[in-house]
Amino acid sequence: SSGINAEYGYKLTDKATTYFTDLNQLNSYLQSAPHANWTEFVSYYKKGGARFTCKNEGRKSFGVGYTSSLDAFEKQCEIDLLEAIEQNFLSDTSKINDFQMETVQHENAIQTKASTFVGRSELVETCVEHCGTACENNLMILHGTPGCGKSGLLAAVFHKAVEPLRNGGNFAFVHVVDSCPSSNILEKMLKRLQWALRDFRRSRGEINISASPPETASELRSNHHSFLVETALEYPDILFLVVVDAVNQFHESLKAWEMWWLPRKGSPKNVRFMISTLNEENGTFENAKEAYPDAKLTPVPKMSREDLEGMVSATLARFNKKLTTYDDKLVGNQMELLLSKSSSPLYLIACCEALRKFGIFERVSQYITDLPTTISELFSYLLDEWSEEYGKMFVEDVAGLICISKDGLLENEINDLLAFKEEKQKGENEFLYESSFSRIYDSLASFLAAGGGGYLRFFHDQLKYTVQSKFLTKEFELETHKWLADFFYSCTESQLNESPEVDPPAYYDHVLQQLIYHQLKSSPDDLSILKTSLRNIYFVRERILYGQTQALMDEYELAIQVCSKNCDLDGVTALTQWMKFVQLYASNIESFPEFAHNMAATQTPTAYVCGDTLNLPLPAPKTGYPLTWQNIPSGEDLMVCKYGYGGVDAAASDPAADILVIATGERAIVLDQSSGEFIHELGVLLDCYSVALSPDNETIYAAGENVSMFDVGTGSRIASTGFLTNSNYPFVWVEHIGEYIAAGTGHGRKAICWDDHTEEGEIVLLHLEYDAEGEELFVARKWTVDAPCYHHCFLRSRNLIFSANKGEIRGYNLEGEKVMMFGDAGGCVYYLAAHPTNPTILSGGNDLVIREWNADSKTLVRSVTDTTTSGWAYGGNWAVSYDPTGNHVLCTEPQSQSLRLYTFDGTLAGELKGHSDCVNAIKLVPGSRQAITADRAEGTILFNVPNPDEETANAYQEFDEKVFWTGFSKDGQYLITVSNETVRKWDAKTLEHLVSREYEGFYRSKGGISWDEQWVYASGRMDVYRFSFEDLTPSGRLQGRIEKMELEALFARF
């Protein structure tokens, strides 16, 4: 688009006049052409830059030279190109969302890779058939060694299969890792897949389905399998093809390498997946086989000689280059020479890229001869070439940055990193390097996965390994990590305050994701540096606001592991407290980022969160809501983690395995125990009322109408029973006992003991061995308990199963024989718990007395009376347990909604609070001093259980008032709160308390404001109360409890 008039610094030849005439003719044409922009520039010969590339005495010689002063030319070229693009392509992309833009890039990447693929036609046809045929085998895995051509094969298959599929109305989705920015992040892929599926369904008239995928990583993971299966079942005649290339190159976030996201066994036949992976890289091949055992494994074989020649020719043709394929008398058979070096497609493609840069035709044959014979040696050879051309230190630093970076660097990040080091070591406007990144980029580009301007990283890990072995000494690696950590912190430092006054760099979100990784790598033995990041409320705020909460939680876990390895107990405690704080407050910080400092500063005064925050500069005073955040327990905060799922039962592994399973009644959820991260929802369950883990924590037992086994790692069902009993009640207890899975039916509603519960319970023992083909569990024995049941437990020290009945407890051996019965056990016995070593069990029921029974003496040993906190005594003790020491009692009852700790002398040693509804279950965490409690609403909590025998124990958590509902006036001037006893009105700007009224509320009270702001409603224990909005004057009540405020209906009824 522009011409150059250069002042040559070379000696004129006899043909110079001809060349000059040709140039003038070209210039004249360009100046007159209507489609060309003409601008004249002057450039100068760069002295000392010329050199011979091939010097022949007495014959033609070849050389190169360099020019300078081309900055204006470069800028004008950029402007001209942008104008040309705008004239020829759609400029208004406002109607194209991010998912559509990403899809275009992935499909373009597939098309580019497919364009150079040749041969292996039979294998291509086999793979195309898998993609286009519905069958029980949902998954095909293309696998092989580095450089064998997996990606090219996959691209060719998709390219051939996609058009017929889409023309037939089917669904096809492709994802090429490293083809565009963030394509190596599984969360991004799953969101785009969800969007594509939703778009597909909406295009067929399902307008009630949201067009947007789930926002959070946890919701995405929870929804992935169920939505895919739901969609496939909704359209059984449509094929749903998902193709993913290079899964081993995903980033490890969201546990991508565990391959949990692949289809589960038993998925609908019209779900078709095809992936490619290395045999040995990040465990993805083995994990994929484990996730889907029946996958069709397709090894990618070596290419034939003919196919290799075709691939090389097609690749070079893209650059208008070719090699001789015959024995030329001057240069020989260049194709034969190249193919004799290696048959690896990766190696040959790399050679083609190197030949593209090599511009001296008469030396091509010698250049090929000099090339090493492996990809690693080839890249090392090129690194040496570049070191001579650009400077050794410069090449080492650039290659080191790309190699050591967490997941790649943007081009402008690399430029800024180099300038950052130059300024640190040489001073402002001084130069450390002999070259610039823009110069070396042209040489490196062929070996980088840039993703269309995205994060630069070596396109194959073999290249990274070469850099590691060539440059990365331990000292150099630590220095580079520190360089990166210092640079990324310098980018965040200006934002780590209450009101940042300068804009962050354009790549700020990437900076936030990189900092912790390099801080941990650069200073593994001294993590006090984390006070600037993981222990800084402003850094936490930035991560949350940029949608990186889950990544932040993962980094806390990683940092805690490093501290544990270093025996840094203070660091472990501090980071654990911060992780818990983030988990509880992330949504609040996202909603009210300006109050983040206040949220952290008002934590327990002795907590690290509070101490670290008070060391930061105090923010300016603010008015408005919320003015303060109150969450200050009187002692140590004993809540370790709160999970967003309630339940009727739970099962916890030891802390090392870090697994929690929750039975919600309708389904079973698998979570990361320490962080609360969603892992799986167990599929193919009709309902779920009880769960248990195998001793090795690799198998989940889930029971409801039937009993099933699931794999912990994949969430897939291993085997299950049919309907085992004729009972109308589900299995409320399941447990692994020796060589059996034991399960027992019961009445799950506990407190509703006045219900006509007369049906006898049943106990079933199932063999652990199962029919793998039919996925069926077999009954070893079963028997009827001759009374209605509520719960069961297994006393391991005596091999006895006990059943909770009305006023009685029955004990059975494993042959099903009743060997004892405890009478006078109260009214309805709701829950049983066995001592881990002693021959005793605990029972709890509707009379609020916890009893301990001895299986050897068959007698009542002692009892503890639990004093309920309010008048509704019918609830009773819904769950009981020994504490982790085995010397004290844990129990729950519906009114306090707490975990209550008693000594056996009847002393209430404390209450652990945090639930907002009745607690259904208590389960101890093996090998720890922790307990899990699950309520019937939306909360399960992991508590540290204090030992009453220790003087420092403090298990009390006091609250002035529980607020169950808040609401604002339309103008934001007033705030209404509803607690269990009081309705209050506040000035929302000053939080001045204006007026309050007492009413008879309860633990599920809710509130509402009428649309015309005349009335305030509060749902009480048995009535709905109405108050005037102006001064909360009582103005009537409706009989009947309403737990969901339907304001229009209430307004009409009053």
# chains A, B, ... in the order shown; residues from 1 in each chain; ligands from 1

$ residues_around --residues "segment 578-581 of chain A" --least-positions-apart "4" --cutoff "9 Å" --atoms "only C-alpha atoms" --output "list in words"
Leu534, Arg535, Leu552, Met553, Tyr556, Glu557, Thr573, Ala574, Tyr585, Ala586, Ala600, Gln603, Tyr608, Val609, Met639, Val640, Cys641, Lys642 and Ser675 of chain A

$ select_by_dssp --residues "segment 604-750 of chain A" --states "helix (DSSP H, G or I)" --output "list in words"
Tyr608, Val609, Cys610, Gly611, Asp612, Thr613 and Leu614 of chain A

$ residues_around --residues "Val242 of chain A" --least-positions-apart "6" --cutoff "7 Å" --atoms "only C-alpha atoms" --output "list in words"
Ala172, Phe173, Val174, Arg272, Phe273 and Met274 of chain A

$ atom_distance --atom1 "atom CA of Ser490 of chain A" --atom2 "atom CA of Gly408 of chain A"
18.7 Å

$ closest_residue --among "A:Glu760, A:Glu1000, A:Asp80, A:Glu413" --to "Phe437 of chain A" --atoms "only C-alpha atoms"
A:Glu413

$ residues_around --residues "Leu994 of chain A" --least-positions-apart "3" --cutoff "10 Å" --atoms "only C-alpha atoms" --output "number ranges by chain"
A: 974-975, 984-987, 991, 1031-1032

$ select_by_dssp --residues "segment 715-859 of chain A" --states "strand (DSSP E)" --output "PyMOL selection string"
chain A and resi 717-720+731-737+740-745+761-771+776-785+791-795+800-804+809-812+818-822+829-834+840-845+849-854+859

$ closest_residue --among "A:Ala295, A:Cys352, A:Ala909, A:Leu338" --to "Asp370 of chain A" --atoms "only C-alpha atoms"
A:Leu338

$ closest_residue --among "A:Phe240, A:Tyr441, A:Tyr645, A:Tyr831" --to "Ala134 of chain A" --atoms "only C-alpha atoms"
A:Phe240

$ closest_residue --among "A:Ala833, A:His736, A:Leu899, A:Gly152" --to "Ser881 of chain A" --atoms "only C-alpha atoms"
A:Ala833
